[in-house]
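**Student:** I am attaching a structure below and will ask some questions about it afterwards.
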Amino acid sequence: MASESKSLIDPFNRRIDYVRVSVTDRCNLRCFYCLPKDFKGFESREDYLSYEEIERILKAFTELGVRRIRLTGGEPLARRDLHRLVGKIAALPGAEDISLSTNAVLLSRHAAELYEAGVRRLNVSLDTLRPDRFREITGNGDLDQVLRGLEVARRTGFSPIKINMVAMKGVNDDEFIDMVEYCGERGFSLRFIETMPVGNTGRDAAQQYLDLSEVRERLDRHYSLTPSVMAGGGPARYFRVEGSDLHIGFITPISQHFCETCNRVRLSVDGVLYLCLGQDHSYPLKSLLRRGVSDEELKSAIVEALALKPERHEFREKPDQVVRFMSSTGG
């Protein structure tokens, strides 16, 4: 049977070894490029996958060769007892790398229990170091909570801690050097990300789009950058600042897409498997679980779903194509 294969290969001969899991579509911030300020159309709690259901799906994935698992949202720390899910995943024989994407608002409270449960790598969204600008971008968020969470995480031992900064023209494009210095002083890595037209908010934010080649040119005036690599399954192209341990990554879904090396799929909080962030190809898994399928049938369904994975997104060609919000897909 196809499900007995120890690796998942998509129709374009890409090996899928990375699953991003949204544990909630809710968030305690309202970043204007991600969620509308007054949005209330979240999934009902009874439609969420339970931790036991997530564990069962990930067990199937790891038996099919997946090794990297990232927990996302919404804001994953907004879901109660997340460390309990982490412990379940860490116990799966094939799960070699468990990471977390967070806005860090609640991180100081949960860092120790997450680390003890098995998370080692963190990606933290942080678009500005200015409190007033942070409130503007996030809909009244408290920057001090985020910075405190980052400091607690650093002391706890998470490594690497990667700061994700969405580069936005006219919004935070005067802070790139400040963010490089902040990360360099604290041993964090920094990744710049282009805005993406995902959902109405993402399309509205397109007017702030900044080609990261411009960011790279600005940094080249201040630093000597040499190509480097970092552990992880993501799409960033990394450079190291000479004379330091600071790595800077560039994630360019618009100006220079990386679809030919895509190695990931996304599981939404309501149990839908999305095969591409920028397309609507999907496969419902929750209904199979609640219908009582066997483990082998679940693995066969995952293999069948992978046949739907498209060759690439079409953010440039069809910016209005994806209507779901980023928080409902798991970033």
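By convention here, the chains of the structure tokens are called A, B, ... in the order presented, each chain's residues are numbered starting at 1, and ligands are numbered starting at 1 in the order presented.
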Using only C-alpha atoms, tabulate the residues of stretch 7-51 of chain A lying at most 10 Å from any atom of stretch 265-281 of chain A, each with its closest atom pair and that distance in Å to one decimal, by chain and increasing residue number, as CSV.
**Tutor:**
residue,atom,partner,partner_atom,distance
A:Asp10,CA,A:Leu275,CA,9.9
A:Ile16,CA,A:Val265,CA,7.5
A:Asp17,CA,A:Val265,CA,8.7
A:Tyr18,CA,A:Val265,CA,6.7
A:Val19,CA,A:Val265,CA,5.2
A:Arg20,CA,A:Arg266,CA,4.7
A:Val21,CA,A:Leu267,CA,4.8
A:Ser22,CA,A:Ser268,CA,5.0
A:Val23,CA,A:Val269,CA,5.1
A:Thr24,CA,A:Val269,CA,5.4
A:Asp25,CA,A:Val269,CA,6.7
A:Arg26,CA,A:Val269,CA,9.9
A:Glu43,CA,A:Asp270,CA,7.3
A:Ser44,CA,A:Asp270,CA,9.0
A:Arg45,CA,A:Asp270,CA,9.1
A:Glu46,CA,A:Asp270,CA,9.0
A:Asp47,CA,A:Asp270,CA,5.5
A:Tyr48,CA,A:Asp270,CA,4.7
A:Leu49,CA,A:Asp270,CA,5.6
A:Ser50,CA,A:Val269,CA,9.0
**Student:** Name all residues at most 10 Å from A:Cys31 (count only C-alpha atoms; drop same-chain ones fewer than 6 positions away) and give them as a ChimeraX atom specification.
**Tutor:** /A:37,127,134-141,201
**Student:** Selection from above, C-alpha atoms, as a PDB file, in the first residue's frame, can you write it?
**Tutor:**
ATOM      1  CA  LYS A  37      -9.794  44.480  14.108  1.00  0.00           C
ATOM      2  CA  ASP A 127       7.652  44.035  13.530  1.00  0.00           C
ATOM      3  CA  PHE A 134       3.620  48.246  18.140  1.00  0.00           C
ATOM      4  CA  ARG A 135       0.198  49.320  19.425  1.00  0.00           C
ATOM      5  CA  GLU A 136      -0.682  50.616  15.953  1.00  0.00           C
ATOM      6  CA  ILE A 137       0.369  47.461  14.121  1.00  0.00           C
ATOM      7  CA  THR A 138      -1.100  45.011  16.619  1.00  0.00           C
ATOM      8  CA  GLY A 139      -4.303  46.792  17.637  1.00  0.00           C
ATOM      9  CA  ASN A 140      -3.165  47.998  21.065  1.00  0.00           C
ATOM     10  CA  GLY A 141      -0.650  45.287  21.999  1.00  0.00           C
ATOM     11  CA  THR A 201      -6.283  42.037   5.363  1.00  0.00           C
TER      12      THR A 201
END
**Student:** Could you give me the residues within stretch 8-177 of chain A that DSSP places in helix (DSSP H, G or I), as an NGL selection string?
**Tutor:** :A and (45-47 or 51-63 or 76-78 or 82-90 or 107-117 or 131-138 or 143-156 or 176-177)
**Student:** Quick one: everything within 10 Å of A:Asn172, counting only C-alpha atoms, minus sequence neighbours fewer than 2 positions away in the same chain. Send it as a PyMOL selection string.
**Tutor:** chain A and resi 127-130+133-134+137+165-170+174-176+208
**Student:** Just to confirm, what's the straight-line distance from atom CA of A:Arg79 to atom CA of A:Ser101 in Å (one decimal)?
**Tutor:**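 Taking atom CA of A:Arg79 and atom CA of A:Ser101, their separation equals 13.1 Å.
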**Student:** By how many Å are atom CA of A:Pro160 and atom CA of A:Glu116 apart?
**Tutor:**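 Separation between atom CA of A:Pro160 and atom CA of A:Glu116: 16.0 Å.
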**Student:** Show which residues sit within 10 Å of A:Cys259, as a list of chain:residue names. Count only C-alpha atoms, and ignore same-chain residues fewer than 6 positions away.
**Tutor:** A:Arg14, A:Pro235, A:Pro253, A:Cys276, A:Pro310, A:Glu311, A:Arg312, A:His313
**Student:** Go ahead and dump the residues you just picked, N, CA and C atoms, as a tab-separated table (two decimals), in the first residue's frame.
**Tutor:**
chain	number	residue	atom	x	y	z
A	14	ARG	N	8.80	16.55	-4.71
A	14	ARG	CA	9.28	17.21	-3.50
A	14	ARG	C	8.96	16.33	-2.30
A	235	PRO	N	11.74	28.37	4.49
A	235	PRO	CA	12.22	28.80	3.18
A	235	PRO	C	13.21	29.96	3.18
A	253	PRO	N	8.21	35.35	-0.59
A	253	PRO	CA	7.17	34.64	-1.33
A	253	PRO	C	6.70	35.38	-2.59
A	276	CYS	N	-1.09	24.07	0.30
A	276	CYS	CA	-0.32	25.25	-0.11
A	276	CYS	C	-0.90	26.47	0.58
A	310	PRO	N	-0.25	21.63	-5.25
A	310	PRO	CA	0.07	22.29	-6.52
A	310	PRO	C	1.56	22.56	-6.67
A	311	GLU	N	1.95	22.90	-7.86
A	311	GLU	CA	3.37	23.17	-8.10
A	311	GLU	C	3.84	24.44	-7.40
A	312	ARG	N	2.96	25.47	-7.35
A	312	ARG	CA	3.38	26.75	-6.75
A	312	ARG	C	2.16	27.60	-6.43
A	313	HIS	N	2.39	28.59	-5.58
A	313	HIS	CA	1.35	29.58	-5.32
A	313	HIS	C	1.31	30.58	-6.47
**Student:** Write down as a PyMOL selection string the residues belonging to stretch 52-211 of chain A that are assigned strand (DSSP E) by DSSP computed on the backbone.
**Tutor:** chain A and resi 68-72+97-102+121-125+161-166+189-193
**Student:** Would you put the residues from that selection into a file with C-alpha atoms, as an mmCIF file, in the first residue's frame?
**Tutor:**
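Saved the output as out32.cif:
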data_model
loop_
_atom_site.group_PDB
_atom_site.id
_atom_site.type_symbol
_atom_site.label_atom_id
_atom_site.label_comp_id
_atom_site.auth_asym_id
_atom_site.auth_seq_id
_atom_site.Cartn_x
_atom_site.Cartn_y
_atom_site.Cartn_z
ATOM 1 C CA ARG A 68 9.569 18.474 11.664
ATOM 2 C CA ILE A 69 6.450 19.779 13.419
ATOM 3 C CA ARG A 70 5.673 23.421 14.118
ATOM 4 C CA LEU A 71 2.790 24.573 16.311
ATOM 5 C CA THR A 72 1.160 27.786 15.135
ATOM 6 C CA ASP A 97 12.083 18.683 15.780
ATOM 7 C CA ILE A 98 9.211 20.473 17.576
ATOM 8 C CA SER A 99 9.066 24.248 17.215
ATOM 9 C CA LEU A 100 6.613 27.015 18.009
ATOM 10 C CA SER A 101 5.534 30.237 16.309
ATOM 11 C CA THR A 102 4.244 32.845 18.760
ATOM 12 C CA ARG A 121 13.081 26.359 18.685
ATOM 13 C CA LEU A 122 10.971 29.524 18.640
ATOM 14 C CA ASN A 123 9.859 31.908 15.908
ATOM 15 C CA VAL A 124 8.571 35.170 17.345
ATOM 16 C CA SER A 125 6.647 37.771 15.340
ATOM 17 C CA ILE A 161 15.113 32.111 18.720
ATOM 18 C CA LYS A 162 14.216 33.640 15.376
ATOM 19 C CA ILE A 163 12.576 37.053 15.157
ATOM 20 C CA ASN A 164 10.170 37.373 12.213
ATOM 21 C CA MET A 165 9.812 40.960 10.994
ATOM 22 C CA VAL A 166 7.323 41.721 8.213
ATOM 23 C CA SER A 189 18.388 35.421 14.529
ATOM 24 C CA LEU A 190 16.415 37.828 12.370
ATOM 25 C CA ARG A 191 14.210 37.044 9.390
ATOM 26 C CA PHE A 192 12.606 39.620 7.138
ATOM 27 C CA ILE A 193 9.326 38.613 5.458
#
**Student:** Using atom CA of A:Val119 and atom CA of A:Val86 as the two end points, give the distance in Å to one decimal.
**Tutor:** 7.1 Å
**Student:** Near A:Val152, within 10 Å and counting only C-alpha atoms, which residues show up once chain neighbours fewer than 2 positions away are dropped, as an mmCIF file with C-alpha atoms, in the first residue's frame?
**Tutor:**
data_model
loop_
_atom_site.group_PDB
_atom_site.id
_atom_site.type_symbol
_atom_site.label_atom_id
_atom_site.label_comp_id
_atom_site.auth_asym_id
_atom_site.auth_seq_id
_atom_site.Cartn_x
_atom_site.Cartn_y
_atom_site.Cartn_z
ATOM 1 C CA LEU A 107 5.591 33.488 26.544
ATOM 2 C CA SER A 108 7.033 34.520 29.913
ATOM 3 C CA ARG A 109 4.228 32.585 31.602
ATOM 4 C CA HIS A 110 4.638 29.382 29.567
ATOM 5 C CA ALA A 111 8.298 29.216 28.477
ATOM 6 C CA ALA A 112 9.488 26.793 31.168
ATOM 7 C CA VAL A 146 6.736 40.584 24.175
ATOM 8 C CA LEU A 147 10.225 41.759 25.110
ATOM 9 C CA ARG A 148 9.839 40.221 28.565
ATOM 10 C CA GLY A 149 8.722 36.936 27.004
ATOM 11 C CA LEU A 150 11.749 36.921 24.732
ATOM 12 C CA ARG A 154 16.432 33.235 26.130
ATOM 13 C CA ARG A 155 17.228 32.474 29.764
ATOM 14 C CA THR A 156 15.213 29.241 29.616
ATOM 15 C CA GLY A 157 17.483 27.919 26.869
ATOM 16 C CA PHE A 158 15.434 28.003 23.661
#
**Student:** May I ask which of the residues A:Arg216, A:His222, A:Lys88, A:Arg80 is the closest one to A:Asp173, counting only C-alpha atoms?
**Tutor:**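 Smallest distance to A:Asp173 is found for A:Arg216.
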**Student:** I'd like the contact shell of stretch 239-250 of chain A - 8 Å cut-off, only C-alpha atoms, skipping same-chain residues fewer than 3 positions apart - returned as number ranges by chain.
**Tutor:** A: 183-184, 187-193, 212, 223-230, 236
